[in-house]
file query-v3.txt (compact mmCIF, C-alpha atoms)
# COMPACT_ATOMS: atom_id res chain seq x y z
CA MET A 299 0.00 0.00 0.00
CA SER A 300 1.38 3.40 -0.81
CA GLY A 301 1.52 5.96 1.95
CA SER A 302 0.09 8.73 -0.19
CA GLU A 303 -3.54 7.64 -0.05
CA SER A 304 -3.64 7.58 3.75
CA SER A 305 -1.71 10.81 4.28
CA SER A 306 -4.88 12.89 4.32
CA GLN A 307 -6.00 11.12 7.51
CA GLU A 308 -2.91 12.01 9.51
CA LEU A 309 -1.61 15.06 11.28
CA ALA A 310 1.08 17.00 9.47
CA ASN A 311 4.66 15.97 10.23
CA PHE A 312 7.84 17.88 9.56
CA ILE A 313 8.89 15.70 6.63
CA GLY A 314 5.47 16.12 5.01
CA ILE A 315 5.74 19.89 5.37
CA THR A 316 9.28 19.87 3.95
CA VAL A 317 8.10 17.77 1.02
CA LYS A 318 5.33 20.26 0.34
CA GLY A 319 7.86 23.10 0.38
CA LEU A 320 10.33 21.28 -1.85
CA GLY A 321 7.73 20.29 -4.42
CA ASP A 322 8.72 17.87 -7.17
CA SER A 323 12.49 18.17 -6.75
CA GLY A 324 14.66 15.10 -6.24
CA LEU A 325 15.04 15.60 -2.49
CA GLY A 326 11.29 16.09 -2.09
CA ILE A 327 10.49 12.79 -3.82
CA PHE A 328 13.22 11.03 -1.81
CA LEU A 329 11.90 12.37 1.51
CA HIS A 330 8.32 11.50 0.61
CA ARG A 331 9.27 7.95 -0.34
CA TRP A 332 11.46 7.32 2.72
CA GLU A 333 9.27 9.14 5.25
CA ASN A 334 8.49 6.08 7.39
CA VAL A 335 12.06 4.79 7.24
CA ILE A 336 13.39 8.15 8.41
CA PHE A 337 10.94 8.22 11.31
CA SER A 338 11.82 4.67 12.35
CA LEU A 339 15.51 5.60 12.15
CA ILE A 340 14.75 8.47 14.55
CA ALA A 341 13.32 5.88 16.97
CA VAL A 342 16.44 3.73 16.52
CA VAL A 343 18.75 6.69 17.18
CA PHE A 344 16.73 7.68 20.26
CA LEU A 345 16.91 4.16 21.73
CA SER A 346 20.61 3.81 20.90
CA LEU A 347 21.45 7.13 22.53
CA MET A 348 19.41 6.20 25.61
CA ALA A 349 21.21 2.86 25.90
CA TYR A 350 24.61 4.52 25.37
CA PHE A 351 24.07 7.19 28.01
CA ALA A 352 22.57 4.68 30.46
CA GLN A 353 25.58 2.35 30.33
CA ARG A 354 28.23 5.10 30.33
CA ASN A 355 30.18 5.20 33.63
CA ARG A 356 27.65 2.90 35.26
CA SER A 357 27.94 1.88 38.89
CA PHE A 358 27.00 -1.35 40.65
CA VAL A 359 24.55 0.52 42.87
CA PRO A 360 22.90 2.90 40.39
CA GLU A 361 23.02 6.53 41.48
CA ARG A 362 22.02 8.24 38.29
CA ARG A 363 18.36 8.47 37.33
CA LEU A 364 18.76 7.24 33.75
CA GLN A 365 20.63 4.09 34.76
CA ASN A 366 18.02 3.38 37.43
CA MET A 367 15.18 3.81 34.96
CA VAL A 368 16.73 1.60 32.30
CA GLU A 369 17.53 -1.09 34.87
CA VAL A 370 13.91 -1.14 36.05
CA LEU A 371 12.78 -1.35 32.42
CA VAL A 372 15.12 -4.21 31.56
CA GLU A 373 14.27 -6.11 34.74
CA SER A 374 10.53 -5.87 34.18
CA LEU A 375 11.01 -6.93 30.54
CA SER A 376 13.11 -9.87 31.72
CA ASN A 377 10.37 -10.92 34.16
CA PHE A 378 7.77 -10.53 31.43
CA VAL A 379 9.66 -12.72 28.95
CA SER A 380 10.58 -15.27 31.64
CA GLY A 381 6.89 -15.55 32.54
CA VAL A 382 6.13 -16.79 29.04
CA LEU A 383 9.25 -18.76 28.10
CA GLY A 384 10.56 -19.87 31.49
CA GLU A 385 13.68 -18.71 33.34
CA LYS A 386 16.44 -20.19 31.15
CA GLU A 387 14.86 -19.72 27.71
CA GLY A 388 13.57 -16.30 28.75
CA ARG A 389 17.08 -14.94 29.25
CA HIS A 390 18.11 -16.31 25.87
CA TYR A 391 15.25 -14.72 23.96
CA LEU A 392 15.06 -11.49 26.01
CA PRO A 393 17.28 -9.42 23.65
CA TYR A 394 15.04 -10.00 20.65
CA ILE A 395 11.67 -9.65 22.37
CA GLY A 396 12.77 -6.75 24.58
CA THR A 397 14.14 -4.84 21.60
CA LEU A 398 10.94 -5.48 19.70
CA PHE A 399 8.88 -4.12 22.61
CA LEU A 400 10.94 -0.94 23.11
CA TYR A 401 11.20 -0.22 19.39
CA ILE A 402 7.46 -0.62 18.75
CA LEU A 403 6.62 1.34 21.90
CA ILE A 404 8.73 4.32 20.83
CA MET A 405 7.36 4.17 17.28
CA ASN A 406 3.75 4.07 18.57
CA PHE A 407 4.31 7.05 20.86
CA MET A 408 5.96 9.11 18.12
CA GLY A 409 2.55 9.78 16.59
CA MET A 410 1.61 11.91 19.61
CA VAL A 411 4.65 14.20 19.41
CA PRO A 412 3.75 17.31 17.39
CA GLY A 413 5.50 17.28 14.03
CA MET A 414 6.21 13.56 14.19
CA LYS A 415 4.48 10.51 12.81
CA SER A 416 4.12 6.88 13.88
CA PRO A 417 6.06 4.74 11.40
CA THR A 418 3.86 1.84 12.57
CA SER A 419 0.83 3.53 10.99
CA SER A 420 2.22 2.32 7.65
CA LEU A 421 1.75 -1.30 6.66
CA ASN A 422 5.32 -1.48 5.31
CA THR A 423 6.90 -1.04 8.76
CA THR A 424 4.64 -3.53 10.52
CA VAL A 425 5.06 -6.17 7.80
CA ALA A 426 8.83 -5.82 8.12
CA LEU A 427 8.60 -6.34 11.89
CA ALA A 428 6.25 -9.31 11.52
CA LEU A 429 8.55 -10.91 8.93
CA CYS A 430 11.46 -10.58 11.38
CA THR A 431 9.42 -12.53 13.95
CA PHE A 432 8.34 -15.10 11.34
CA ILE A 433 11.90 -15.80 10.19
CA TYR A 434 13.21 -15.87 13.76
CA VAL A 435 10.51 -18.35 14.81
CA GLN A 436 11.26 -20.68 11.90
CA TYR A 437 15.01 -20.36 12.58
CA THR A 438 14.43 -21.19 16.24
CA GLY A 439 12.35 -24.21 15.31
CA ILE A 440 14.93 -25.61 12.89
CA ARG A 441 17.83 -24.88 15.21
CA ARG A 442 16.31 -26.24 18.43
CA LEU A 443 14.38 -29.20 17.03
CA GLY A 444 16.64 -30.07 14.09
CA MET A 445 15.38 -30.39 10.53
CA ILE A 446 13.71 -33.77 11.21
CA GLY A 447 12.25 -32.56 14.49
CA TYR A 448 10.97 -29.39 12.81
CA LEU A 449 9.16 -31.37 10.10
CA ASP A 450 7.91 -33.75 12.81
CA HIS A 451 6.55 -30.80 14.77
CA MET A 452 4.88 -29.38 11.66
CA ALA A 453 3.21 -32.73 10.93
CA GLY A 454 1.88 -33.06 14.49
CA SER A 455 4.46 -35.58 15.84
CA PRO A 456 3.67 -38.73 13.84
CA ARG A 457 6.55 -40.68 15.44
CA MET A 458 4.61 -41.72 18.62
CA PRO A 459 7.41 -42.40 21.12
CA GLU A 460 5.05 -44.00 23.69
CA GLU A 461 3.90 -46.92 21.50
CA LYS A 462 5.99 -50.06 20.82
CA GLY A 463 6.32 -52.89 18.31
CA VAL A 464 4.06 -53.84 15.39
CA PHE A 465 1.15 -51.88 16.80
CA LYS A 466 3.21 -48.68 16.45
CA ILE A 467 3.85 -49.29 12.74
CA PHE A 468 0.16 -50.01 12.23
CA LEU A 469 -0.82 -46.78 14.03
CA ILE A 470 1.66 -44.66 12.06
CA LEU A 471 0.35 -46.06 8.75
CA LEU A 472 -3.24 -45.49 9.90
CA PHE A 473 -2.66 -41.84 10.74
CA ILE A 474 -0.64 -40.82 7.65
CA PRO A 475 -3.54 -38.95 5.94
CA ILE A 476 -4.27 -37.04 9.15
CA HIS A 477 -0.65 -36.01 9.49
CA ILE A 478 -0.49 -34.83 5.88
CA LEU A 479 -3.56 -32.70 6.58
CA LEU A 480 -2.03 -31.43 9.84
CA PHE A 481 1.16 -30.50 7.98
CA ILE A 482 -0.80 -28.36 5.51
CA ILE A 483 -2.78 -26.72 8.30
CA HIS A 484 0.40 -25.97 10.28
CA ILE A 485 2.04 -24.37 7.24
CA ILE A 486 -0.99 -22.18 6.60
CA GLY A 487 -1.00 -21.29 10.31
CA GLU A 488 2.66 -20.27 10.20
CA PHE A 489 1.99 -17.93 7.29
CA VAL A 490 -1.12 -16.44 8.85
CA LYS A 491 0.81 -15.45 12.00
CA PRO A 492 2.84 -12.60 10.44
CA VAL A 493 -0.24 -11.41 8.53
CA SER A 494 -2.30 -11.10 11.70
CA LEU A 495 0.61 -9.57 13.68
CA SER A 496 1.25 -6.87 11.09
CA LEU A 497 -2.41 -6.08 10.40
CA ARG A 498 -3.19 -5.80 14.13
CA LEU A 499 -0.41 -3.31 14.81
CA PHE A 500 -1.07 -1.33 11.63
CA GLY A 501 -4.83 -1.15 12.19
CA ASN A 502 -4.60 -0.08 15.81
CA ILE A 503 -2.00 2.64 15.31
CA THR A 504 -3.65 3.94 12.13
CA GLY A 505 -6.98 4.07 13.95
CA GLU A 506 -5.46 6.00 16.84
CA ASP A 507 -3.74 8.47 14.53
CA ALA A 508 -6.87 8.99 12.47
CA LEU A 509 -8.82 9.58 15.71
CA LEU A 510 -6.24 12.15 16.85
CA TYR A 511 -6.48 13.87 13.45
CA VAL A 512 -10.28 14.02 13.59
CA PHE A 513 -10.27 15.49 17.10
CA VAL A 514 -7.59 18.06 16.30
CA MET A 515 -9.68 19.13 13.29
CA LEU A 516 -12.80 19.35 15.49
CA GLY A 517 -10.88 21.48 17.98
CA LEU A 518 -9.68 23.74 15.18
CA SER A 519 -13.18 24.15 13.78
CA MET A 520 -14.47 25.29 17.20
CA PHE A 521 -12.46 28.53 16.97
CA SER A 522 -12.60 28.89 13.20
CA ALA A 523 -15.11 31.74 13.44
CA TRP A 524 -12.35 33.96 14.90
CA LYS A 525 -9.71 32.68 12.42
CA SER A 526 -7.67 31.35 15.34
CA PRO A 527 -4.43 29.53 14.36
CA VAL A 528 -4.70 27.21 17.39
CA GLY A 529 -7.71 25.12 18.26
CA PHE A 530 -9.28 23.92 21.47
CA PRO A 531 -7.18 20.93 22.68
CA LEU A 532 -9.94 18.37 22.21
CA GLN A 533 -7.39 15.65 21.46
CA ILE A 534 -5.98 15.49 25.03
CA PRO A 535 -8.30 12.65 26.23
CA ILE A 536 -7.65 10.76 22.98
CA MET A 537 -3.93 11.09 23.62
CA PHE A 538 -4.32 9.25 26.94
CA LEU A 539 -6.21 6.54 25.08
CA SER A 540 -3.35 6.42 22.54
CA LEU A 541 -0.82 6.08 25.38
CA ILE A 542 -2.65 3.01 26.70
CA GLY A 543 -3.32 1.63 23.23
CA GLY A 544 0.26 2.09 22.03
CA ALA A 545 1.69 0.38 25.11
CA VAL A 546 -0.81 -2.49 24.88
CA GLN A 547 -0.13 -3.03 21.18
CA ALA A 548 3.65 -3.04 21.72
CA MET A 549 3.12 -5.56 24.53
CA VAL A 550 0.79 -7.73 22.43
CA PHE A 551 3.25 -7.83 19.55
CA SER A 552 6.18 -8.88 21.74
CA LEU A 553 4.02 -11.24 23.83
CA LEU A 554 2.72 -13.03 20.74
CA SER A 555 6.27 -13.24 19.35
CA ALA A 556 7.32 -14.86 22.63
CA VAL A 557 4.37 -17.28 22.48
CA TYR A 558 5.18 -18.21 18.88
CA ILE A 559 8.80 -18.87 19.87
CA SER A 560 7.71 -20.95 22.87
CA MET A 561 5.51 -23.08 20.60
CA MET A 562 8.61 -23.96 18.56
CA LEU A 563 10.77 -24.95 21.55
CA PRO A 564 11.12 -28.63 22.50
CA HIS A 565 8.60 -29.66 25.14
CA HIS A 566 9.80 -30.74 28.56
CA GLU A 567 6.53 -32.16 29.90
CA GLU A 568 7.38 -35.84 29.34
CA VAL A 569 8.85 -36.95 32.69
CA LYS A 570 10.26 -40.47 32.92
CA HIS A 571 8.52 -42.51 35.65
CA MET B 275 -27.79 1.94 -5.95
CA ASP B 276 -24.41 2.53 -7.55
CA ALA B 277 -21.10 1.21 -6.25
CA ASN B 278 -20.23 4.42 -4.41
CA THR B 279 -23.45 4.45 -2.41
CA ALA B 280 -23.18 0.75 -1.64
CA LEU B 281 -19.63 1.16 -0.34
CA ALA B 282 -20.41 4.30 1.63
CA LEU B 283 -23.38 2.61 3.31
CA SER B 284 -21.84 -0.78 3.95
CA LEU B 285 -18.37 0.17 5.18
CA PRO B 286 -19.43 1.85 8.45
CA PHE B 287 -22.14 -0.77 8.89
CA GLY B 288 -19.71 -3.66 8.48
CA LEU B 289 -17.29 -2.07 10.93
CA ALA B 290 -20.14 -1.54 13.40
CA ILE B 291 -21.17 -5.21 13.24
CA ALA B 292 -17.57 -6.34 13.74
CA ALA B 293 -17.14 -3.95 16.67
CA LEU B 294 -20.41 -5.14 18.24
CA ALA B 295 -19.44 -8.82 18.11
CA SER B 296 -15.94 -8.10 19.32
CA ALA B 297 -17.27 -5.98 22.19
CA PHE B 298 -19.48 -8.88 23.33
CA ALA B 299 -16.54 -11.27 23.15
CA LEU B 300 -14.20 -8.87 24.96
CA GLY B 301 -16.79 -8.29 27.65
CA ARG B 302 -17.13 -12.01 28.29
CA ALA B 303 -13.39 -12.62 28.26
CA VAL B 304 -12.53 -9.73 30.56
CA SER B 305 -15.37 -10.45 32.99
CA ALA B 306 -14.26 -14.08 33.28
CA ALA B 307 -10.68 -12.96 33.86
CA MET B 308 -11.81 -10.45 36.51
CA ASP B 309 -13.78 -13.21 38.24
CA ALA B 310 -10.75 -15.45 38.24
CA MET B 311 -8.47 -12.69 39.51
CA ALA B 312 -10.87 -11.78 42.31
CA ARG B 313 -11.03 -15.43 43.41
CA GLN B 314 -7.30 -16.01 43.18
CA PRO B 315 -5.36 -12.75 43.44
CA GLU B 316 -2.06 -14.65 43.63
CA ALA B 317 -2.61 -15.99 40.09
CA ALA B 318 -3.37 -12.51 38.74
CA PRO B 319 -0.20 -12.00 36.60
CA LYS B 320 -0.65 -15.31 34.78
CA ILE B 321 -4.36 -14.68 34.17
CA GLN B 322 -3.57 -11.17 32.96
CA VAL B 323 -1.07 -12.38 30.36
CA ALA B 324 -3.48 -15.04 29.08
CA MET B 325 -6.30 -12.48 29.01
CA ILE B 326 -4.24 -10.01 26.98
CA ILE B 327 -3.35 -12.71 24.42
CA GLY B 328 -7.03 -13.64 24.10
CA CYS B 329 -8.09 -10.00 23.87
CA ALA B 330 -5.52 -9.42 21.14
CA PHE B 331 -6.94 -12.30 19.09
CA ILE B 332 -10.53 -11.12 19.57
CA GLU B 333 -9.68 -7.54 18.79
CA ALA B 334 -7.76 -8.54 15.67
CA LEU B 335 -11.06 -9.48 14.01
CA THR B 336 -12.37 -5.93 14.38
CA ILE B 337 -9.07 -4.64 13.10
CA TYR B 338 -9.44 -6.81 9.98
CA ALA B 339 -12.81 -5.20 9.32
CA PHE B 340 -11.24 -1.79 9.97
CA VAL B 341 -8.39 -2.47 7.54
CA ILE B 342 -10.83 -3.65 4.88
CA ALA B 343 -12.89 -0.50 5.42
CA PHE B 344 -9.74 1.60 5.27
CA LEU B 345 -8.58 0.01 2.01
CA SER B 346 -12.03 0.16 0.38
CA MET B 347 -12.44 3.78 1.42
CA ALA B 348 -9.98 4.73 -1.33
CA LYS B 349 -12.37 3.16 -3.87
CA ILE B 350 -15.14 5.67 -3.06
CA GLN B 351 -14.84 8.43 -5.63
CA ALA B 352 -15.83 11.91 -4.61
CA VAL B 353 -18.89 13.15 -6.51
CA HIS B 354 -18.90 16.86 -7.18

call {"tool": "encode", "arguments": {"input": "query-v3.txt", "output": "structure tokens"}}
result
Amino acid sequence: MSGSESSSQELANFIGITVKGLGDSGLGIFLHRWENVIFSLIAVVFLSLMAYFAQRNRSFVPERRLQNMVEVLVESLSNFVSGVLGEKEGRHYLPYIGTLFLYILIMNFMGMVPGMKSPTSSLNTTVALALCTFIYVQYTGIRRLGMIGYLDHMAGSPRMPEEKGVFKIFLILLFIPIHILLFIIHIIGEFVKPVSLSLRLFGNITGEDALLYVFVMLGLSMFSAWKSPVGFPLQIPIMFLSLIGGAVQAMVFSLLSAVYISMMLPHHEEVKH
Amino acid sequence: MDANTALALSLPFGLAIAALASAFALGRAVSAAMDAMARQPEAAPKIQVAMIIGCAFIEALTIYAFVIAFLSMAKIQAVH
């Protein structure tokens, strides 16, 4: 989807204004085309700078506010991931899921800063993020289960470790059509996951931004009789809603990524008696 | 009825139906989770995580309708 058809539903951002000023020159076209990428790079730079300043001359007992804040953030993220994946696996997958959470959170909140735009309100950004999760989940499955184990998992475990002897061979032959069907269903399911992840994030953030736009326009039209350049701040309550919504959507995206990864990990339930 | 009128009438209506069904489902899910959390406050974090996953899946259906409405909105041509 091109960004141009949805741009009328969003608040003006500084790149959009620059593009309007530049017109059809080369830089204007470049900026218009790379708008979302530039805004997501701003989020990346912000997060990188925060991480750099938080770890610079750090102390074992944190005295500075920034280090304290980042430590609380990382610890709560670690607890959150460990709650889904378990203590050992949680620490291993924390860097990916935690980064995903912080990055999406910052991108969602950027839509509320005047002159900025949420890069997640474009389908291109969210599809890229969802594809990252999709590839990482498949990689995890192949790496942790092995190629045979991965195919076995996709076919719904046709190997039946609990049965023995001739009966086992008979059962495996009996269930072959079911496992072929299960394999197809699993593959469709794997491909639907990134679609639903990206559409959910895109739809929510676009909806919030469009709502903000509508309320800003309503506030402007309240004072339009006096030709006032500023409107009544009707969007303030919607901004609180956007704060909650943006945080929840960032959490849902990272939580679902964690759940998808945990579904690919080898199961530890089978305890030998 | 031409295509423009049909789209303009059905898009908000379709979104409203999706939102209605999803609101019912969310209400049931959240009320059950609240019940469970009130009975067992010590299990609240686990219930909360499961509830948020479920809510995300329920809400996604409305979002699909919203995305469809959003994409079809471009097909409505302005009549001057």

call {"tool": "closest_atom_pairs", "arguments": {"input": "query-v3.txt", "of": "chain A", "to": "chain B", "cutoff": "9 Å", "atoms": "all atoms listed in the file", "output": "JSON lines"}}
result
{"residue": "A:Met299", "atom": "CA", "partner": "B:Leu345", "partner_atom": "CA", "distance": 8.8}
{"residue": "A:Glu303", "atom": "CA", "partner": "B:Ala348", "partner_atom": "CA", "distance": 7.2}
{"residue": "A:Ser304", "atom": "CA", "partner": "B:Ala348", "partner_atom": "CA", "distance": 8.6}
{"residue": "A:Gly381", "atom": "CA", "partner": "B:Lys320", "partner_atom": "CA", "distance": 7.9}
{"residue": "A:Val382", "atom": "CA", "partner": "B:Val323", "partner_atom": "CA", "distance": 8.5}
{"residue": "A:Ser494", "atom": "CA", "partner": "B:Ala334", "partner_atom": "CA", "distance": 7.2}
{"residue": "A:Leu495", "atom": "CA", "partner": "B:Ala334", "partner_atom": "CA", "distance": 8.7}
{"residue": "A:Leu497", "atom": "CA", "partner": "B:Tyr338", "partner_atom": "CA", "distance": 7.1}
{"residue": "A:Arg498", "atom": "CA", "partner": "B:Ala334", "partner_atom": "CA", "distance": 5.5}
{"residue": "A:Leu499", "atom": "CA", "partner": "B:Ile337", "partner_atom": "CA", "distance": 8.9}
{"residue": "A:Phe500", "atom": "CA", "partner": "B:Val341", "partner_atom": "CA", "distance": 8.5}
{"residue": "A:Gly501", "atom": "CA", "partner": "B:Ile337", "partner_atom": "CA", "distance": 5.6}
{"residue": "A:Asn502", "atom": "CA", "partner": "B:Ile337", "partner_atom": "CA", "distance": 6.9}
{"residue": "A:Gly505", "atom": "CA", "partner": "B:Phe340", "partner_atom": "CA", "distance": 8.3}
{"residue": "A:Val546", "atom": "CA", "partner": "B:Ile326", "partner_atom": "CA", "distance": 8.5}
{"residue": "A:Gln547", "atom": "CA", "partner": "B:Ala330", "partner_atom": "CA", "distance": 8.4}
{"residue": "A:Met549", "atom": "CA", "partner": "B:Ile326", "partner_atom": "CA", "distance": 8.9}
{"residue": "A:Val550", "atom": "CA", "partner": "B:Ala330", "partner_atom": "CA", "distance": 6.7}
{"residue": "A:Leu553", "atom": "CA", "partner": "B:Ile327", "partner_atom": "CA", "distance": 7.5}
{"residue": "A:Leu554", "atom": "CA", "partner": "B:Ile327", "partner_atom": "CA", "distance": 7.1}

call {"tool": "atom_distance", "arguments": {"input": "query-v3.txt", "atom1": "atom CA of Thr423 of chain A", "atom2": "atom CA of Gly324 of chain A"}}
result
23.4 Å

call {"tool": "closest_residue", "arguments": {"input": "query-v3.txt", "among": "A:Ala556, A:Ile534, A:Arg441, A:Leu325", "to": "Ser376 of chain A", "atoms": "all atoms listed in the file"}}
result
A:Ala556

call {"tool": "residues_near_point", "arguments": {"input": "query-v3.txt", "point": "(11.1, 15.6, -2.4)", "cutoff": "10 Å", "atoms": "all atoms listed in the file", "output": "PyMOL selection string"}}
result
chain A and resi 313-314+316-332

call {"tool": "write_last_selection", "arguments": {"input": "query-v3.txt", "atoms": "C-alpha atoms", "output": "CSV table (one decimal), keeping the file's coordinate frame"}}
result
chain,number,residue,atom,x,y,z
A,313,ILE,CA,8.9,15.7,6.6
A,314,GLY,CA,5.5,16.1,5.0
A,316,THR,CA,9.3,19.9,4.0
A,317,VAL,CA,8.1,17.8,1.0
A,318,LYS,CA,5.3,20.3,0.3
A,319,GLY,CA,7.9,23.1,0.4
A,320,LEU,CA,10.3,21.3,-1.8
A,321,GLY,CA,7.7,20.3,-4.4
A,322,ASP,CA,8.7,17.9,-7.2
A,323,SER,CA,12.5,18.2,-6.8
A,324,GLY,CA,14.7,15.1,-6.2
A,325,LEU,CA,15.0,15.6,-2.5
A,326,GLY,CA,11.3,16.1,-2.1
A,327,ILE,CA,10.5,12.8,-3.8
A,328,PHE,CA,13.2,11.0,-1.8
A,329,LEU,CA,11.9,12.4,1.5
A,330,HIS,CA,8.3,11.5,0.6
A,331,ARG,CA,9.3,8.0,-0.3
A,332,TRP,CA,11.5,7.3,2.7

call {"tool": "closest_residue", "arguments": {"input": "query-v3.txt", "among": "A:Pro412, A:Gly384, A:Pro360, A:Pro564", "to": "Val514 of chain A", "atoms": "all atoms listed in the file"}}
result
A:Pro412

call {"tool": "atom_distance", "arguments": {"input": "query-v3.txt", "atom1": "atom CA of Thr438 of chain A", "atom2": "atom CA of Ala426 of chain A"}}
result
18.3 Å

call {"tool": "residues_around", "arguments": {"input": "query-v3.txt", "residues": "Ala310 of chain B", "least_positions_apart": "3", "cutoff": "12 Å", "atoms": "only C-alpha atoms", "output": "PyMOL selection string"}}
result
chain B and resi 303-307+313-322+324-325

call {"tool": "closest_residue", "arguments": {"input": "query-v3.txt", "among": "A:Val464, A:Leu309, A:Leu392, A:Met348", "to": "Ser416 of chain A", "atoms": "all atoms listed in the file"}}
result
A:Leu309

call {"tool": "atom_distance", "arguments": {"input": "query-v3.txt", "atom1": "atom CA of Leu281 of chain B", "atom2": "atom CA of Gln351 of chain B"}}
result
10.2 Å
